[in-house]
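Below: one structure, written as structure tokens.
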Amino acid sequence: MLAPNGLARAALRFRPAAFVGTFVALVLAATIVSACGILLETGVRATVPPERYAHVPAVAAAGQRAGNPEEGGVVPDRARLKDSLVAKAAATPGVRAAIPDVTFPVLTPEGTLTAHGWGSTAFTGERLTSGRAPGPGEVVLGTSRPAGDTVTLTLPDGPRTYRVSGTAAAQDTVWFSDAEAVRVSGHPHRVDAIAVLPDPGVGTAVLSSRLAHALGDRAEIHTGDDRGTVEDPALTEAREVLTGIGGSFGGVATMVAVFTAAGTVALAIGRRAREFALLRAIGTTPRQIRRTVATEALLVAPVAGALGCLPGIALAVWWFGQLKDKGAVPEPVGLAVSWIPLTVTTGTVLVTALLAGYMAAHRSSRIKPGQALSEASVERLRPGWIRTPLGVAAAAGGFVCAGLAASETGEDAANAALGVVMLFMLAVALLGPLIARACASLLGLPLRGAGAPAVLAAANSRTNARRLASAITPIVLAMAFSSVLVFLHTSEERVTAEQQRAGIVADHIVTADRGALPPDAVRRAGRTPEVTAAVGLLRTSVLVRASGALTPVSAQGVTGSARDLAAVQDLDVEKGRLSLKPGEIALDASVAENAGVGVGDRIRLHLPDGTRDTPLVAATYGRGLGLSQVTFHRTDLARHVSSSFDTELWVKGGTAKALAPLGRVMDRAEHTTAQSLDRELNAWANTVMAVVLGGFAAVAAVNTLVMTVLDRRGELGTLRLLGSTRRQVLRMVRWEALLVTVAGIALGTAIALATLVPMMRGLTGQGPYIPPLVYGSFAAAILVVGTAAATLPARAALRGETLER
């Protein structure tokens, strides 16, 4: 008799087809896990090589997070330091120079210039081509304008005239004196960063330690590649995106992949119940059978895990490239592919195969030899005493979360709803045989009048519930997760579009050709013939504390009166009165509800640069999702953004031709389209995740169906020997496949609705919007793929049976 290791090697050698399905499932699981792991590691390690600060050993900058670590919240703009810290940094032992660095836009008749303080040339290497460094009331230009000439520059607080003290080679750049640059940047007494140059012989580590001690928690000290983070604050947001995909979605995807792979392994082991029963009947011990299964896993899983990492790397490369193309990740960031996620993936696949195989072979290995063959001939109907209570508990938890989500509003409802899909999916995985038997009994009723093949299909499904459950579970996964991800976006998109159609009452919307509108744009538009109202809008985001976390919400700073704003935007004010006084704001009603505030209360929030503020809530309105969720007076926002110029001009009346000198003129429909383009990234991300997760589950379902049908070659041959025609047998298989796919679609749809309804009620106040064509395409694809996956192998099995005869 062969030893357990020999049994495992013999099984792989002489029956390789029996392990193909398991191998495919493990490869697919490794693909998903490795791709998400690579993105997660990239998010953790992401850096941008420094360019502007390449010759600065240490840079002091403000932290780009608001609130405490538990609250999260990356600041929407750039957090800045108080300029008083420059003197503290300069007084630190070992510091040769501490240079305040600011960057801001300046408008000229020829275009937009980037402004800096002249002191920054000490580390950028810029040199004068003529003239001298700027003093008070002077600038250095990177143009052909000669020294001694004058130039009018439009700054955030209006136009000013400066004398050109010198010129430099760099184009599209203007330099002020350091003090002047800080004063006119739009955020006075604040600097973007402090570039620190050391005395000769002072190392970077020593310099960093001394600066950290001198500046305390008021600044973060950046050295090495970390200096690039100061240059490009978007890197912080990119890290959030990558870790969100690799961590949050990766966690869900990994769980789904592991459950699906485990189910396939269990199915493969269950198919060999007769083999194990025979081994027990001839005296094989339980320990030898378990060792055989473990050895098979050790032989198959590492190879599957390693091979699955290759398409996983390719998927991560494509995914990362798409994020770069859509601007979610800065171009200099590279994809990090190391041994860590690949090793974790292989280990995860191996552990999954071992545990699933052990659990599946547990009963076959412990059964008495005399009962082994009789037990293997008929599927056991009794529910498992471990998985059944766990499945009931998961289902009960899903119903509790669904009820909780239905009773909550806003983000609380959305957060509770996220647990619904996970708990119900866990319940389906654990209670699969019981659910499959119930579905077979229920869906089998209408099959009674469809002929003998349909009746036999229903009977087969009831009798072989475990086999049926193995096929239903991945279909439920594909339908539920894909529906939640896709229909979440379609629901938000529909509400947003409805609010925009009702809320945009302006006749024209002017956007800046150069990225910023001049400060007098509103006044000039108001003087245009036939214009009855004009307001300027400064678009940005703020962080609002809700449910213990800081959540980014859209914000607009308004230049103009409340009356003029009402003439171009119908915010649908529900409570209070829109006043637009400094220190007062208007909130979208859902944001106010999530934050637990009402009219007359003060709300705690963080402005775009992370500054804390507690403005008074003067009004709440209902169209924040389509227009803007928070409305400020412009002066409350202007000093807390990198560019304090208005970005849009909304006009009632007038003509496009008359407004053309101010910028690009759009009508309502064009502006709605442009706003929709801004939401493309979220839609694309949801779609990709739905395709990745749904596609994996769909392939797993196909794999399971093929394994199931191929395992029934003896049964199909017996039906042919009893007189059934080939056509009747194929019809029976089609009816079984139809029953499986319909049950999976119905269960997946129910789970998706249980998640989407409370989630969308909380987020938008409306039910989910499910486009019939999209839903129909999902269902049709599953029906076609499921039927083909069952019918094609059945045809091959019958063809082989015919040839043998």
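Going through the structure tokens in order, the chains are called A, B, and so on, while each chain numbers its residues from 1 and the ligands are numbered from 1 in the order shown.
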
Report task. With a distance cut-off of 9 Å and only C-alpha atoms, select the neighbouring residues of Val510 in chain A, excluding the residue or stretch itself and same-chain residues fewer than 2 positions from it, and output the selection as a count of residues only. Result -> 15

Query raised in the report: Taking the backbone alone, and naming residues the way the document does, which bits of range 500-578 of chain A are strand (DSSP E) by DSSP, as a PyMOL selection string?
Result: chain A and resi 508-511+531-546+549-559+573-576

Go ahead and dump the residues you just picked, N, CA, C and O atoms, as a CSV table (one decimal), in the first residue's frame.
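Below is the file that was written, result-v9.csv:
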chain,number,residue,atom,x,y,z
A,508,HIS,N,-25.9,81.5,-18.3
A,508,HIS,CA,-24.5,81.3,-18.8
A,508,HIS,C,-23.6,81.0,-17.6
A,508,HIS,O,-23.8,81.6,-16.5
A,509,ILE,N,-22.6,80.1,-17.8
A,509,ILE,CA,-21.6,79.8,-16.8
A,509,ILE,C,-20.3,80.0,-17.5
A,509,ILE,O,-20.0,79.4,-18.5
A,510,VAL,N,-19.5,80.9,-16.9
A,510,VAL,CA,-18.2,81.3,-17.5
A,510,VAL,C,-17.1,80.6,-16.7
A,510,VAL,O,-17.0,80.8,-15.5
A,511,THR,N,-16.2,79.9,-17.4
A,511,THR,CA,-15.0,79.3,-16.7
A,511,THR,C,-13.8,80.0,-17.3
A,511,THR,O,-13.8,80.5,-18.4
A,531,VAL,N,-27.5,91.7,-18.4
A,531,VAL,CA,-27.2,90.8,-17.3
A,531,VAL,C,-27.9,91.3,-16.0
A,531,VAL,O,-27.8,92.5,-15.6
A,532,THR,N,-28.7,90.5,-15.4
A,532,THR,CA,-29.5,90.9,-14.2
A,532,THR,C,-28.9,90.4,-12.9
A,532,THR,O,-29.2,90.9,-11.9
A,533,ALA,N,-28.0,89.4,-13.0
A,533,ALA,CA,-27.3,88.9,-11.8
A,533,ALA,C,-26.1,88.2,-12.2
A,533,ALA,O,-26.0,87.5,-13.2
A,534,ALA,N,-25.0,88.3,-11.4
A,534,ALA,CA,-23.8,87.6,-11.6
A,534,ALA,C,-23.1,87.3,-10.3
A,534,ALA,O,-23.0,88.2,-9.4
A,535,VAL,N,-22.6,86.1,-10.1
A,535,VAL,CA,-21.9,85.7,-8.9
A,535,VAL,C,-20.6,84.9,-9.3
A,535,VAL,O,-20.6,84.2,-10.3
A,536,GLY,N,-19.6,85.1,-8.6
A,536,GLY,CA,-18.4,84.3,-8.8
A,536,GLY,C,-18.3,83.1,-7.8
A,536,GLY,O,-18.8,83.3,-6.6
A,537,LEU,N,-17.8,82.0,-8.2
A,537,LEU,CA,-17.7,80.8,-7.3
A,537,LEU,C,-16.3,80.3,-7.2
A,537,LEU,O,-15.6,80.2,-8.3
A,538,LEU,N,-15.8,80.1,-6.0
A,538,LEU,CA,-14.6,79.5,-5.7
A,538,LEU,C,-14.8,78.1,-5.3
A,538,LEU,O,-15.4,77.8,-4.2
A,539,ARG,N,-14.5,77.1,-6.1
A,539,ARG,CA,-14.8,75.7,-5.9
A,539,ARG,C,-13.7,75.0,-5.1
A,539,ARG,O,-12.5,75.2,-5.4
A,540,THR,N,-14.1,74.3,-4.1
A,540,THR,CA,-13.1,73.6,-3.3
A,540,THR,C,-13.8,72.5,-2.5
A,540,THR,O,-15.0,72.2,-2.8
A,541,SER,N,-13.2,72.0,-1.4
A,541,SER,CA,-13.8,71.0,-0.5
A,541,SER,C,-13.4,71.3,0.9
A,541,SER,O,-12.4,72.0,1.1
A,542,VAL,N,-14.2,70.9,1.8
A,542,VAL,CA,-13.9,71.1,3.3
A,542,VAL,C,-14.2,69.7,3.9
A,542,VAL,O,-14.8,68.8,3.3
A,543,LEU,N,-13.7,69.6,5.1
A,543,LEU,CA,-13.9,68.4,5.9
A,543,LEU,C,-14.9,68.6,7.0
A,543,LEU,O,-14.7,69.5,7.8
A,544,VAL,N,-15.9,67.8,7.1
A,544,VAL,CA,-17.0,67.9,8.1
A,544,VAL,C,-16.9,66.7,9.0
A,544,VAL,O,-16.8,65.5,8.5
A,545,ARG,N,-17.0,66.9,10.3
A,545,ARG,CA,-16.9,65.8,11.2
A,545,ARG,C,-18.3,65.2,11.3
A,545,ARG,O,-19.3,65.8,11.7
A,546,ALA,N,-18.4,63.9,11.0
A,546,ALA,CA,-19.7,63.2,11.1
A,546,ALA,C,-19.4,61.7,11.5
A,546,ALA,O,-18.5,61.1,10.9
A,549,ALA,N,-15.8,60.7,12.2
A,549,ALA,CA,-14.8,60.8,11.1
A,549,ALA,C,-14.9,62.1,10.3
A,549,ALA,O,-16.0,62.7,10.3
A,550,LEU,N,-13.8,62.5,9.7
A,550,LEU,CA,-13.8,63.7,8.9
A,550,LEU,C,-14.1,63.3,7.5
A,550,LEU,O,-13.3,62.5,6.9
A,551,THR,N,-15.2,63.8,6.9
A,551,THR,CA,-15.6,63.4,5.6
A,551,THR,C,-15.5,64.6,4.6
A,551,THR,O,-15.9,65.7,5.0
A,552,PRO,N,-14.8,64.5,3.5
A,552,PRO,CA,-14.8,65.6,2.5
A,552,PRO,C,-16.1,65.8,1.8
A,552,PRO,O,-16.8,64.9,1.4
A,553,VAL,N,-16.5,67.1,1.8
A,553,VAL,CA,-17.7,67.5,1.1
A,553,VAL,C,-17.4,68.7,0.2
A,553,VAL,O,-16.5,69.5,0.5
A,554,SER,N,-18.1,68.8,-0.9
A,554,SER,CA,-17.9,69.9,-1.8
A,554,SER,C,-18.3,71.2,-1.2
A,554,SER,O,-19.3,71.3,-0.4
A,555,ALA,N,-17.6,72.3,-1.6
A,555,ALA,CA,-17.9,73.6,-1.0
A,555,ALA,C,-17.7,74.7,-2.1
A,555,ALA,O,-17.0,74.5,-3.1
A,556,GLN,N,-18.5,75.8,-2.0
A,556,GLN,CA,-18.3,76.9,-2.9
A,556,GLN,C,-18.3,78.2,-2.1
A,556,GLN,O,-19.1,78.4,-1.1
A,557,GLY,N,-17.3,79.0,-2.5
A,557,GLY,CA,-17.2,80.4,-1.9
A,557,GLY,C,-17.8,81.4,-2.9
A,557,GLY,O,-17.4,81.4,-4.0
A,558,VAL,N,-18.8,82.2,-2.4
A,558,VAL,CA,-19.6,83.0,-3.3
A,558,VAL,C,-19.1,84.4,-3.3
A,558,VAL,O,-19.0,85.0,-2.2
A,559,THR,N,-18.9,85.0,-4.5
A,559,THR,CA,-18.6,86.4,-4.6
A,559,THR,C,-19.9,87.1,-5.1
A,559,THR,O,-20.3,86.8,-6.3
A,573,VAL,N,-33.8,75.9,-0.6
A,573,VAL,CA,-33.6,76.2,0.8
A,573,VAL,C,-34.8,75.6,1.6
A,573,VAL,O,-36.0,75.9,1.3
A,574,GLU,N,-34.5,74.7,2.6
A,574,GLU,CA,-35.5,74.1,3.4
A,574,GLU,C,-35.8,74.8,4.7
A,574,GLU,O,-36.9,74.9,5.2
A,575,LYS,N,-34.7,75.2,5.4
A,575,LYS,CA,-34.8,75.9,6.7
A,575,LYS,C,-33.9,77.0,6.7
A,575,LYS,O,-32.8,77.0,6.1
A,576,GLY,N,-34.3,78.1,7.5
A,576,GLY,CA,-33.4,79.2,7.6
A,576,GLY,C,-33.5,80.2,6.4
A,576,GLY,O,-34.3,80.1,5.6

Requested in this report: Would you kindly return, as number ranges by chain, each protein, DNA or RNA residue with an atom no farther than 9 Å from any atom of Gly694 in chain A, considering only C-alpha atoms and excluding same-chain residues fewer than 3 positions away?
Outcome: A: 474-475, 477-482, 689-691, 697-699

Write a file of the selected residues as a CSV table (one decimal), in the first residue's frame, keeping C-alpha atoms.
chain,number,residue,atom,x,y,z
A,474,PRO,CA,-20.2,32.2,-6.7
A,475,ILE,CA,-23.1,33.3,-8.9
A,477,LEU,CA,-21.2,36.7,-5.2
A,478,ALA,CA,-21.0,37.9,-8.8
A,479,MET,CA,-24.5,39.3,-8.8
A,480,ALA,CA,-24.5,40.9,-5.4
A,481,PHE,CA,-21.2,42.7,-5.4
A,482,SER,CA,-21.4,43.8,-9.1
A,689,MET,CA,-14.0,46.7,-9.1
A,690,ALA,CA,-17.3,45.3,-10.2
A,691,VAL,CA,-15.7,43.7,-13.3
A,697,ALA,CA,-16.9,35.0,-9.2
A,698,ALA,CA,-18.4,34.3,-12.7
A,699,VAL,CA,-15.3,32.4,-13.8

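If only C-alpha atoms are the atoms counted, then among A:Ala238, A:Ile32, A:Cys401, A:Ala566 the closest residue to Pro311 in chain A is A:Ile32.
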
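Taking CA of Leu488 in chain A as the reference point, CA of Leu756 in chain A is found at 6.9 Å.
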
Query raised in the report: Which value, in Å to one decimal, gives the distance between CA of Trp339 in chain A and CA of Glu237 in chain A?
Result: 25.4 Å

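Near range 589-600 of chain A, within a cut-off of 6 Å and counting only C-alpha atoms, sit the residues Gly410, Ala546, Val617, Ala618, Ala619, Thr620, Tyr621 and Gly622 of chain A, with same-chain residues fewer than 2 positions away left out.
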
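From CA of Gly111 in chain A back to CA of Ile99 in chain A, the distance works out to 27.9 Å.
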
Restrict the calculation to only C-alpha atoms, then for each residue of range 278-321 of chain A with any atom at most 12 Å from an atom of range 329-333 of chain A give the closest atom pair and their distance in Å to one decimal, rows by chain and rising residue number, as a tab-separated table.
residue	atom	partner	partner_atom	distance
A:Trp319	CA	A:Val329	CA	11.1
A:Phe320	CA	A:Val329	CA	8.2
A:Gly321	CA	A:Val329	CA	8.9

Output the selection as a compact mmCIF listing (two decimals), in the first residue's frame - C-alpha atoms for each residue.
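Produced file part_23.txt, reproduced below:
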# COMPACT_ATOMS: atom_id res chain seq x y z
CA TRP A 319 -4.98 49.10 -12.86
CA PHE A 320 -2.18 51.40 -11.71
CA GLY A 321 -1.69 52.74 -15.24
